[in-house]
Amino acid sequence: MTAFKTLSVAMLKGFVRDKATLFFTFLFPLMFLVIFGLLLRDAGTDKTKIALVGDGPVVSALRDSGALEFESFGDENSAVQKVKDGDLPAALIVRGQQLDVRFAQSDQVQSATVVGIINGFVDKANLAATGQPPTFTFAAEKVEDASLKPIQYLTPGILSWGVAVSAVFGSALTLVSWRRKQVLRRIRLAPISTTSVLSSRILVSAGVAIVQGAAFIGIASLPVFGLQLSGSWWLAIPLLLLGTIAFFALGMLVGAFAKTEEAASAAANIVVLPMAFLSGTFFPVDQAPAWLQAVSKVFPLRHMNDGMLDVLVRGKGIEALAVPVAVLVGFSLVIGFIASRVFKWEE
Amino acid sequence: MTEERSAVVVRDVRKSYGELKAVDGVSFTVAEGEFFGILGPNGAGKTTTLEIVEGLRKPDSGEVRLLGESPWPRNVKLLPRIGVQLQATSFFDKLTAKEQLQTFGALYGVSAGTAADMLELVGLADKANEQENKLSGGQRQRLSIACALVHDPDIVFLDEPTAALDPQARRNLWDVLRAIKERGKTIVYTTHYLDEAEILCDRVAIMDTGRILALDRPAVLVRGLDAPTHVTLQKGGLSLVDATALDGVDEAHEDEVSLTLSTRRPAPVLSALAERGALDGLQVRTATLEDVFLNLTGREYRA
């Protein structure tokens, strides 16, 4: 037990004293979190602004509802010109009881939205003018839907990616460096089991993953980013640990083939980067084409991401862990087995 | 010496890599407490021999016994009793000298207290809190030896511990090696510095192209050569003609600064020189292991 403890402490010190590793483990993923978090913060919340000429009760009702914003113009020509220039999607021209909408053809979705909103308010005004009670009633209410605010999917995605990167690089580089410096030989010449050495190194990686989780979630929860954690967030801990083991195994496989630290680093990048992009680290993968979604199911990172999303922000319970846990455990076993077969003690 | 008292027994060990016979029928025994050197130029098969003895490689044929046990396959019972310093200075990343020792000690289940003791032994007590990569070449080499000793093994294997060190660092290391021997350890070490082996080792095996060419005490090997002793004097004390006429002198020659006499009977030559008061700048050079190597292989020794 003391051997295990001393080894773990030694490896932790080696980790903490290596500034490059610290950067890629903590600051690098955080940079992505901060940049994307700030860039995408206001996405989708902009209201549509249209040109307006004249005024009237319908315009007042539209203003009160906040459904549209208006930029007022003195005459029709300058308003329509604004639409022609592509600066505004539509112009509303009010001549007493007559409302005209001129819209740009280029963005049909936005135009249709504008036309629909104005039409709705005109119909309502007409109905009110008749003094009749409405035959059909209509009420709208907010629903928590599957599409999330950017910070809500960025945080779990970047956390999974950060954990994967540090586990893969950590194990691959440690293995290659130990083989090159013949530390592996020294270990082989000592009466200690390989399991003790391996598990102390995994323990350090697991500890790092937990600290990454705390740091990333802590920063994303700052008011400027506004992450809202769900009540079942603690279910992320087993995912972090299993993810660490899975990607540690992957790093052992990479390290078995690489001869130098540079080669190991390049190979780890080739494995991790495409997986990160296809697994929904930087954008929600359910917006991707169907074939891409199918491909992404191959990657353990995709399943780790899904699990993280479900427990951190979607508020799902332990049942949401079933598939990710099964995939990560299976991946660890298969890759770990292959890695142990191709493992080399020396160059 | 009998085999029961032997720390290391190697019998007709062979190892080939394809066509290359790296080790070609090597046999030797090392007694407990002995300082044994394996010498030879690079590529002679020293390191491969050592790796087979340590249990890192399997020999194609032949037998190795360390303290009566076979080191291959990995013999966990034997490992605590042997200490190995490898050619590359293998350390854990970013740890201080003391932490390296504690970590290597942990591999053997040794308590942290031994670390300080080992640093003292190799003269690095004041560098305890320096990181390994900030140490000089000689200090790293000494630390690496301390790491091999941290679990108090009976046999210590050192592979080229003095390679690539400056002369001062080499001499510091010699003191360390002597101190280890004083602790009663059996030491097996390889080197390509023949002069060093002559000074340090109880017995040496001279290797070339995978074979042991000679094996004995350095002094016995040198004496067996029947090589002349060279006596060098400052020029001007004695004329070349007088020198050649001295009893026991085989040959004499002179250059700008010195007069050199070759003799197989140095005693009468030295007393004759003393009588004449012609001992200024006296240097006596006997044959060395390099001459033994030259004699055995017919070629000049090149480390």
# chains A, B, ... in the order shown; residues from 1 in each chain; ligands from 1
>>> residues_around(residues="A:Arg201", least_positions_apart="4", cutoff="7 Å", atoms="only C-alpha atoms", output="MDAnalysis selection string")
chainID A and resid 8 11 197 205
>>> residues_around(residues="stretch 78-86 of chain A", least_positions_apart="2", cutoff="8 Å", atoms="only C-alpha atoms", output="list in words")
Ala51, Leu52, Val53, Phe73, Gly74, Asp75, Glu76, Leu88, Pro89, Ala90, Ala91, Arg102, Phe103 and Ala104 of chain A
>>> closest_atom_pairs(of="chain B", to="chain A", cutoff="9 Å", atoms="only C-alpha atoms", output="CSV")
residue,atom,partner,partner_atom,distance
B:Glu54,CA,A:Leu189,CA,8.3
B:Gly55,CA,A:Leu189,CA,8.2
B:Leu56,CA,A:Leu189,CA,7.8
B:Arg74,CA,A:Leu189,CA,7.9
B:Asn75,CA,A:Pro191,CA,8.4
B:Val76,CA,A:Pro191,CA,5.2
B:Lys77,CA,A:Pro191,CA,7.5
B:Leu78,CA,A:Pro191,CA,8.4
B:Leu79,CA,A:Pro191,CA,5.7
B:Pro80,CA,A:Pro191,CA,6.4
B:Ile82,CA,A:Leu189,CA,8.5
B:Gly83,CA,A:Leu189,CA,8.3
B:Val84,CA,A:Arg186,CA,7.6
B:Gln85,CA,A:Arg186,CA,8.3
B:Leu86,CA,A:Gln182,CA,7.5
B:Gln87,CA,A:Gln182,CA,8.7
B:Ala88,CA,A:Lys181,CA,6.2
B:Thr89,CA,A:Lys181,CA,6.9
B:Ser90,CA,A:Lys181,CA,4.9
B:Phe91,CA,A:Val183,CA,6.3
B:Phe92,CA,A:Val183,CA,7.1
B:Asp93,CA,A:Gly14,CA,5.4
B:Lys94,CA,A:Gly14,CA,5.0
B:Leu95,CA,A:Gly14,CA,6.3
B:Glu99,CA,A:Ala10,CA,7.2
B:Gln100,CA,A:Ala10,CA,8.2
B:Gln102,CA,A:Thr6,CA,7.6
B:Thr103,CA,A:Leu7,CA,6.0
B:Phe104,CA,A:Ile187,CA,8.5
B:Gly105,CA,A:Ala3,CA,8.3
B:Ala106,CA,A:Ala3,CA,4.5
B:Leu107,CA,A:Ile192,CA,5.7
B:Tyr108,CA,A:Pro191,CA,6.0
B:Gly109,CA,A:Ala3,CA,5.7
B:Val110,CA,A:Ala3,CA,8.2
B:Ser111,CA,A:Thr2,CA,8.6
>>> residues_around(residues="B:Thr232", least_positions_apart="4", cutoff="12 Å", atoms="only C-alpha atoms", output="PDB file with N, CA, C and O atoms, in the first residue's frame")
ATOM      1  N   GLY B 237      70.183  15.072 -18.257  1.00  0.00           N
ATOM      2  CA  GLY B 237      70.794  14.516 -17.055  1.00  0.00           C
ATOM      3  C   GLY B 237      71.787  13.415 -17.387  1.00  0.00           C
ATOM      4  O   GLY B 237      72.777  13.207 -16.686  1.00  0.00           O
ATOM      5  N   LEU B 238      71.548  12.744 -18.480  1.00  0.00           N
ATOM      6  CA  LEU B 238      72.333  11.565 -18.851  1.00  0.00           C
ATOM      7  C   LEU B 238      72.367  11.532 -20.379  1.00  0.00           C
ATOM      8  O   LEU B 238      71.362  11.805 -21.028  1.00  0.00           O
ATOM      9  N   ALA B 243      73.302   6.089 -21.279  1.00  0.00           N
ATOM     10  CA  ALA B 243      72.053   5.404 -20.936  1.00  0.00           C
ATOM     11  C   ALA B 243      72.011   4.022 -21.565  1.00  0.00           C
ATOM     12  O   ALA B 243      71.669   3.036 -20.906  1.00  0.00           O
ATOM     13  N   ALA B 252      67.232   2.602 -25.681  1.00  0.00           N
ATOM     14  CA  ALA B 252      67.045   3.973 -25.201  1.00  0.00           C
ATOM     15  C   ALA B 252      66.824   4.895 -26.378  1.00  0.00           C
ATOM     16  O   ALA B 252      67.352   4.668 -27.464  1.00  0.00           O
ATOM     17  N   HIS B 253      65.955   5.876 -26.207  1.00  0.00           N
ATOM     18  CA  HIS B 253      65.833   6.895 -27.248  1.00  0.00           C
ATOM     19  C   HIS B 253      65.489   8.239 -26.617  1.00  0.00           C
ATOM     20  O   HIS B 253      65.086   8.321 -25.455  1.00  0.00           O
ATOM     21  N   GLU B 254      65.673   9.290 -27.403  1.00  0.00           N
ATOM     22  CA  GLU B 254      65.618  10.637 -26.874  1.00  0.00           C
ATOM     23  C   GLU B 254      64.751  11.490 -27.789  1.00  0.00           C
ATOM     24  O   GLU B 254      64.754  11.299 -29.005  1.00  0.00           O
ATOM     25  N   ASP B 255      63.962  12.395 -27.207  1.00  0.00           N
ATOM     26  CA  ASP B 255      63.316  13.414 -28.047  1.00  0.00           C
ATOM     27  C   ASP B 255      63.679  14.779 -27.489  1.00  0.00           C
ATOM     28  O   ASP B 255      64.618  14.877 -26.687  1.00  0.00           O
ATOM     29  N   VAL B 257      62.442  16.704 -25.220  1.00  0.00           N
ATOM     30  CA  VAL B 257      62.323  16.969 -23.786  1.00  0.00           C
ATOM     31  C   VAL B 257      62.728  15.816 -22.902  1.00  0.00           C
ATOM     32  O   VAL B 257      63.102  16.021 -21.758  1.00  0.00           O
ATOM     33  N   SER B 258      62.653  14.571 -23.384  1.00  0.00           N
ATOM     34  CA  SER B 258      62.944  13.464 -22.474  1.00  0.00           C
ATOM     35  C   SER B 258      63.771  12.353 -23.091  1.00  0.00           C
ATOM     36  O   SER B 258      63.875  12.212 -24.308  1.00  0.00           O
ATOM     37  N   LEU B 259      64.297  11.569 -22.143  1.00  0.00           N
ATOM     38  CA  LEU B 259      65.072  10.380 -22.487  1.00  0.00           C
ATOM     39  C   LEU B 259      64.266   9.185 -21.974  1.00  0.00           C
ATOM     40  O   LEU B 259      63.846   9.167 -20.822  1.00  0.00           O
ATOM     41  N   THR B 260      64.000   8.194 -22.836  1.00  0.00           N
ATOM     42  CA  THR B 260      63.198   7.051 -22.427  1.00  0.00           C
ATOM     43  C   THR B 260      64.005   5.764 -22.557  1.00  0.00           C
ATOM     44  O   THR B 260      64.612   5.506 -23.604  1.00  0.00           O
ATOM     45  N   LEU B 261      64.009   4.991 -21.452  1.00  0.00           N
ATOM     46  CA  LEU B 261      64.716   3.713 -21.448  1.00  0.00           C
ATOM     47  C   LEU B 261      63.705   2.580 -21.375  1.00  0.00           C
ATOM     48  O   LEU B 261      62.726   2.667 -20.627  1.00  0.00           O
ATOM     49  N   SER B 262      63.936   1.516 -22.143  1.00  0.00           N
ATOM     50  CA  SER B 262      63.107   0.318 -22.028  1.00  0.00           C
ATOM     51  C   SER B 262      63.907  -0.742 -21.293  1.00  0.00           C
ATOM     52  O   SER B 262      65.070  -0.969 -21.639  1.00  0.00           O
ATOM     53  N   THR B 263      63.233  -1.385 -20.290  1.00  0.00           N
ATOM     54  CA  THR B 263      63.953  -2.421 -19.550  1.00  0.00           C
ATOM     55  C   THR B 263      63.007  -3.510 -19.083  1.00  0.00           C
ATOM     56  O   THR B 263      61.827  -3.253 -18.843  1.00  0.00           O
ATOM     57  N   PRO B 266      63.879  -3.510 -14.151  1.00  0.00           N
ATOM     58  CA  PRO B 266      63.926  -2.103 -13.728  1.00  0.00           C
ATOM     59  C   PRO B 266      64.799  -1.867 -12.496  1.00  0.00           C
ATOM     60  O   PRO B 266      65.357  -0.769 -12.359  1.00  0.00           O
ATOM     61  N   VAL B 269      68.478  -0.865 -13.169  1.00  0.00           N
ATOM     62  CA  VAL B 269      68.474   0.381 -13.934  1.00  0.00           C
ATOM     63  C   VAL B 269      68.198   1.550 -13.004  1.00  0.00           C
ATOM     64  O   VAL B 269      68.912   2.563 -13.023  1.00  0.00           O
ATOM     65  N   LEU B 270      67.175   1.407 -12.144  1.00  0.00           N
ATOM     66  CA  LEU B 270      66.796   2.511 -11.259  1.00  0.00           C
ATOM     67  C   LEU B 270      67.905   2.801 -10.247  1.00  0.00           C
ATOM     68  O   LEU B 270      68.197   3.961  -9.955  1.00  0.00           O
ATOM     69  N   LEU B 273      70.702   4.642 -11.947  1.00  0.00           N
ATOM     70  CA  LEU B 273      70.310   6.036 -12.173  1.00  0.00           C
ATOM     71  C   LEU B 273      70.417   6.830 -10.875  1.00  0.00           C
ATOM     72  O   LEU B 273      70.886   7.972 -10.866  1.00  0.00           O
ATOM     73  N   ALA B 278      70.746  10.919 -11.398  1.00  0.00           N
ATOM     74  CA  ALA B 278      70.087  11.310 -12.652  1.00  0.00           C
ATOM     75  C   ALA B 278      68.601  10.960 -12.622  1.00  0.00           C
ATOM     76  O   ALA B 278      68.078  10.381 -13.556  1.00  0.00           O
ATOM     77  N   LEU B 279      67.934  11.309 -11.511  1.00  0.00           N
ATOM     78  CA  LEU B 279      66.520  10.926 -11.397  1.00  0.00           C
ATOM     79  C   LEU B 279      65.560  12.086 -11.666  1.00  0.00           C
ATOM     80  O   LEU B 279      64.363  11.968 -11.448  1.00  0.00           O
ATOM     81  N   ASP B 280      66.093  13.208 -12.176  1.00  0.00           N
ATOM     82  CA  ASP B 280      65.213  14.360 -12.406  1.00  0.00           C
ATOM     83  C   ASP B 280      64.105  14.028 -13.414  1.00  0.00           C
ATOM     84  O   ASP B 280      64.374  13.525 -14.496  1.00  0.00           O
ATOM     85  N   GLY B 281      62.879  14.338 -13.007  1.00  0.00           N
ATOM     86  CA  GLY B 281      61.731  14.127 -13.914  1.00  0.00           C
ATOM     87  C   GLY B 281      61.422  12.661 -14.123  1.00  0.00           C
ATOM     88  O   GLY B 281      60.822  12.284 -15.125  1.00  0.00           O
ATOM     89  N   LEU B 282      61.774  11.822 -13.143  1.00  0.00           N
ATOM     90  CA  LEU B 282      61.591  10.379 -13.308  1.00  0.00           C
ATOM     91  C   LEU B 282      60.116   9.978 -13.413  1.00  0.00           C
ATOM     92  O   LEU B 282      59.279  10.406 -12.636  1.00  0.00           O
ATOM     93  N   GLN B 283      59.818   9.165 -14.439  1.00  0.00           N
ATOM     94  CA  GLN B 283      58.484   8.553 -14.559  1.00  0.00           C
ATOM     95  C   GLN B 283      58.705   7.104 -14.938  1.00  0.00           C
ATOM     96  O   GLN B 283      59.510   6.805 -15.823  1.00  0.00           O
ATOM     97  N   VAL B 284      57.999   6.199 -14.248  1.00  0.00           N
ATOM     98  CA  VAL B 284      58.117   4.792 -14.604  1.00  0.00           C
ATOM     99  C   VAL B 284      56.757   4.326 -15.093  1.00  0.00           C
ATOM    100  O   VAL B 284      55.756   4.466 -14.404  1.00  0.00           O
ATOM    101  N   ARG B 285      56.706   3.859 -16.318  1.00  0.00           N
ATOM    102  CA  ARG B 285      55.430   3.395 -16.861  1.00  0.00           C
ATOM    103  C   ARG B 285      55.543   1.914 -17.194  1.00  0.00           C
ATOM    104  O   ARG B 285      56.382   1.511 -18.006  1.00  0.00           O
ATOM    105  N   THR B 286      54.715   1.116 -16.507  1.00  0.00           N
ATOM    106  CA  THR B 286      54.702  -0.312 -16.814  1.00  0.00           C
ATOM    107  C   THR B 286      53.603  -0.559 -17.835  1.00  0.00           C
ATOM    108  O   THR B 286      52.851   0.338 -18.167  1.00  0.00           O
TER     109      THR B 286
END
>>> residues_around(residues="A:Gly157", least_positions_apart="6", cutoff="7 Å", atoms="only C-alpha atoms", output="list in words")
Gly280, Thr281, Phe282 and Asn305 of chain A
>>> residues_around(residues="B:Glu160", least_positions_apart="6", cutoff="7 Å", atoms="only C-alpha atoms", output="ChimeraX atom specification")
/B:87,189-191
>>> select_by_dssp(residues="stretch 81-268 of chain B", states="alpha helix (DSSP H)", output="number ranges by chain")
B: 97-107, 113-121, 137-149, 167-182, 194-200, 218-223, 240-245, 266-268
>>> write_last_selection(atoms="C-alpha atoms", output="tab-separated table (two decimals), in the first residue's frame")
chain	number	residue	atom	x	y	z
B	97	ALA	CA	16.92	13.75	-6.25
B	98	LYS	CA	15.37	12.75	-2.95
B	99	GLU	CA	11.98	12.04	-4.51
B	100	GLN	CA	13.60	9.86	-7.18
B	101	LEU	CA	15.18	7.74	-4.46
B	102	GLN	CA	11.94	7.53	-2.50
B	103	THR	CA	10.03	6.50	-5.61
B	104	PHE	CA	12.54	3.84	-6.63
B	105	GLY	CA	12.60	2.71	-3.01
B	106	ALA	CA	8.81	2.38	-3.14
B	107	LEU	CA	9.14	-0.05	-6.04
B	113	GLY	CA	14.50	6.98	5.43
B	114	THR	CA	16.97	5.11	3.23
B	115	ALA	CA	16.83	7.87	0.62
B	116	ALA	CA	18.76	10.39	2.74
B	117	ASP	CA	21.35	7.73	3.59
B	118	MET	CA	21.93	6.95	-0.10
B	119	LEU	CA	22.29	10.63	-1.03
B	120	GLU	CA	24.98	10.87	1.63
B	121	LEU	CA	26.77	7.82	0.21
B	137	GLY	CA	26.14	14.55	-15.83
B	138	GLY	CA	28.27	13.20	-13.00
B	139	GLN	CA	25.64	14.00	-10.39
B	140	ARG	CA	22.92	12.28	-12.44
B	141	GLN	CA	25.15	9.25	-12.79
B	142	ARG	CA	25.73	9.14	-9.02
B	143	LEU	CA	22.01	9.58	-8.36
B	144	SER	CA	21.31	6.75	-10.77
B	145	ILE	CA	23.71	4.52	-8.83
B	146	ALA	CA	22.08	5.56	-5.55
B	147	CYS	CA	18.72	4.52	-7.05
B	148	ALA	CA	20.20	1.10	-7.82
B	149	LEU	CA	21.34	0.75	-4.19
B	167	PRO	CA	37.93	13.30	-15.46
B	168	GLN	CA	37.03	14.96	-12.14
B	169	ALA	CA	33.52	13.47	-12.16
B	170	ARG	CA	34.98	10.06	-13.01
B	171	ARG	CA	37.28	10.22	-10.00
B	172	ASN	CA	34.41	11.27	-7.73
B	173	LEU	CA	32.51	8.26	-8.96
B	174	TRP	CA	35.43	5.94	-8.24
B	175	ASP	CA	35.17	6.97	-4.59
B	176	VAL	CA	31.48	6.09	-4.66
B	177	LEU	CA	32.21	2.68	-6.20
B	178	ARG	CA	34.89	1.96	-3.58
B	179	ALA	CA	32.46	2.96	-0.82
B	180	ILE	CA	29.91	0.49	-2.21
B	181	LYS	CA	32.49	-2.27	-2.21
B	182	GLU	CA	33.33	-1.46	1.40
B	194	LEU	CA	40.75	0.05	-19.25
B	195	ASP	CA	42.81	2.28	-16.93
B	196	GLU	CA	39.82	2.67	-14.64
B	197	ALA	CA	39.14	-1.08	-14.49
B	198	GLU	CA	42.77	-1.68	-13.63
B	199	ILE	CA	42.47	0.63	-10.62
B	200	LEU	CA	39.04	-0.47	-9.35
B	218	PRO	CA	44.53	-6.87	-13.75
B	219	ALA	CA	48.06	-7.14	-12.32
B	220	VAL	CA	48.34	-10.79	-13.33
B	221	LEU	CA	47.21	-10.04	-16.87
B	222	VAL	CA	49.70	-7.20	-17.19
B	223	ARG	CA	52.57	-9.20	-15.72
B	240	LEU	CA	71.99	8.70	-24.78
B	241	VAL	CA	75.26	6.76	-25.07
B	242	ASP	CA	75.67	6.42	-21.28
B	243	ALA	CA	72.05	5.40	-20.94
B	244	THR	CA	72.31	2.64	-23.53
B	245	ALA	CA	75.40	1.29	-21.73
B	266	PRO	CA	63.93	-2.10	-13.73
B	267	ALA	CA	65.68	-2.64	-10.34
B	268	PRO	CA	69.38	-2.40	-11.48
>>> atom_distance(atom1="atom CA of A:Val327", atom2="atom CA of A:Leu154")
21.7 Å
>>> atom_distance(atom1="atom CA of B:Pro71", atom2="atom CA of B:Phe28")
15.8 Å
>>> closest_residue(among="B:Ala214, B:Ile52, B:Ala287, B:Met207", to="B:Thr229", atoms="only C-alpha atoms")
B:Ala287
>>> closest_residue(among="B:Thr186, B:Thr288, B:Ser16, B:Ser136", to="B:Phe36", atoms="only C-alpha atoms")
B:Thr186
>>> select_by_dssp(residues="stretch 45-205 of chain B", states="strand (DSSP E)", output="list of chain:residue names")
B:Ser61, B:Gly62, B:Glu63, B:Val64, B:Arg65, B:Leu66, B:Ile82, B:Gly83, B:Val84, B:Gln85, B:Ile155, B:Val156, B:Phe157, B:Leu158, B:Asp159, B:Thr186, B:Ile187, B:Val188, B:Tyr189, B:Thr190, B:Thr191, B:Arg203, B:Val204, B:Ala205
>>> residues_around(residues="B:Phe293", least_positions_apart="2", cutoff="12 Å", atoms="only C-alpha atoms", output="PyMOL selection string")
chain B and resi 39-41+192-195+204-208+212-215+218+221-222+225+287-291+295-303
>>> atom_distance(atom1="atom CA of B:Thr49", atom2="atom CA of B:Leu165")
23.1 Å
>>> residues_around(residues="A:Val298", least_positions_apart="5", cutoff="12 Å", atoms="only C-alpha atoms", output="ChimeraX atom specification")
/A:275,278-279,291-293,303-304,324,327-328,331
>>> closest_residue(among="B:Ser27, B:Ser6, B:Ser239, B:Thr47", to="B:Glu69", atoms="only C-alpha atoms")
B:Ser6
>>> closest_residue(among="B:Leu50, B:Ala128, B:Leu135, B:Ala272", to="B:Val26", atoms="only C-alpha atoms")
B:Leu50
>>> decode(residues="stretch 66-125 of chain A", atoms="C-alpha atoms", output="compact mmCIF listing (two decimals), in the first residue's frame")
# COMPACT_ATOMS: atom_id res chain seq x y z
CA GLY A 66 -42.26 42.51 -28.23
CA ALA A 67 -42.53 40.04 -31.10
CA LEU A 68 -40.84 42.42 -33.52
CA GLU A 69 -38.58 45.45 -33.32
CA PHE A 70 -39.05 48.46 -35.54
CA GLU A 71 -36.88 51.02 -37.22
CA SER A 72 -39.04 53.99 -38.27
CA PHE A 73 -38.69 55.73 -41.63
CA GLY A 74 -40.32 58.93 -42.88
CA ASP A 75 -41.28 57.63 -46.33
CA GLU A 76 -41.97 54.39 -48.09
CA ASN A 77 -39.08 54.60 -50.55
CA SER A 78 -36.28 54.76 -48.00
CA ALA A 79 -37.88 51.91 -46.03
CA VAL A 80 -38.15 49.67 -49.12
CA GLN A 81 -34.62 50.63 -50.12
CA LYS A 82 -33.43 49.27 -46.76
CA VAL A 83 -35.06 45.95 -47.60
CA LYS A 84 -33.59 45.96 -51.12
CA ASP A 85 -30.14 46.58 -49.65
CA GLY A 86 -30.58 43.50 -47.49
CA ASP A 87 -30.20 45.43 -44.24
CA LEU A 88 -33.69 44.60 -42.97
CA PRO A 89 -35.81 41.57 -43.83
CA ALA A 90 -39.12 43.44 -44.34
CA ALA A 91 -40.83 46.80 -44.30
CA LEU A 92 -44.30 47.49 -42.83
CA ILE A 93 -46.11 50.42 -44.40
CA VAL A 94 -49.18 51.65 -42.56
CA ARG A 95 -51.69 53.82 -44.41
CA GLY A 96 -54.60 54.24 -41.99
CA GLN A 97 -56.49 50.91 -42.07
CA GLN A 98 -54.30 49.47 -44.81
CA LEU A 99 -51.11 47.60 -43.79
CA ASP A 100 -48.63 46.61 -46.52
CA VAL A 101 -45.65 44.34 -45.97
CA ARG A 102 -42.77 44.34 -48.44
CA PHE A 103 -40.30 41.53 -47.75
CA ALA A 104 -36.98 40.33 -49.08
CA GLN A 105 -37.06 37.13 -51.10
CA SER A 106 -33.66 35.92 -50.04
CA ASP A 107 -34.53 34.73 -46.54
CA GLN A 108 -37.89 33.03 -46.93
CA VAL A 109 -38.01 31.63 -43.42
CA GLN A 110 -37.51 34.98 -41.77
CA SER A 111 -39.90 36.69 -44.18
CA ALA A 112 -42.56 34.11 -43.52
CA THR A 113 -42.12 34.64 -39.78
CA VAL A 114 -42.54 38.39 -40.14
CA VAL A 115 -45.58 38.05 -42.42
CA GLY A 116 -47.10 35.47 -40.07
CA ILE A 117 -46.66 37.64 -36.99
CA ILE A 118 -48.15 40.76 -38.63
CA ASN A 119 -51.00 38.73 -40.13
CA GLY A 120 -51.82 37.33 -36.71
CA PHE A 121 -52.04 40.77 -35.15
CA VAL A 122 -54.17 42.10 -38.02
CA ASP A 123 -56.58 39.15 -37.61
CA LYS A 124 -56.79 39.78 -33.88
CA ALA A 125 -57.46 43.46 -34.43
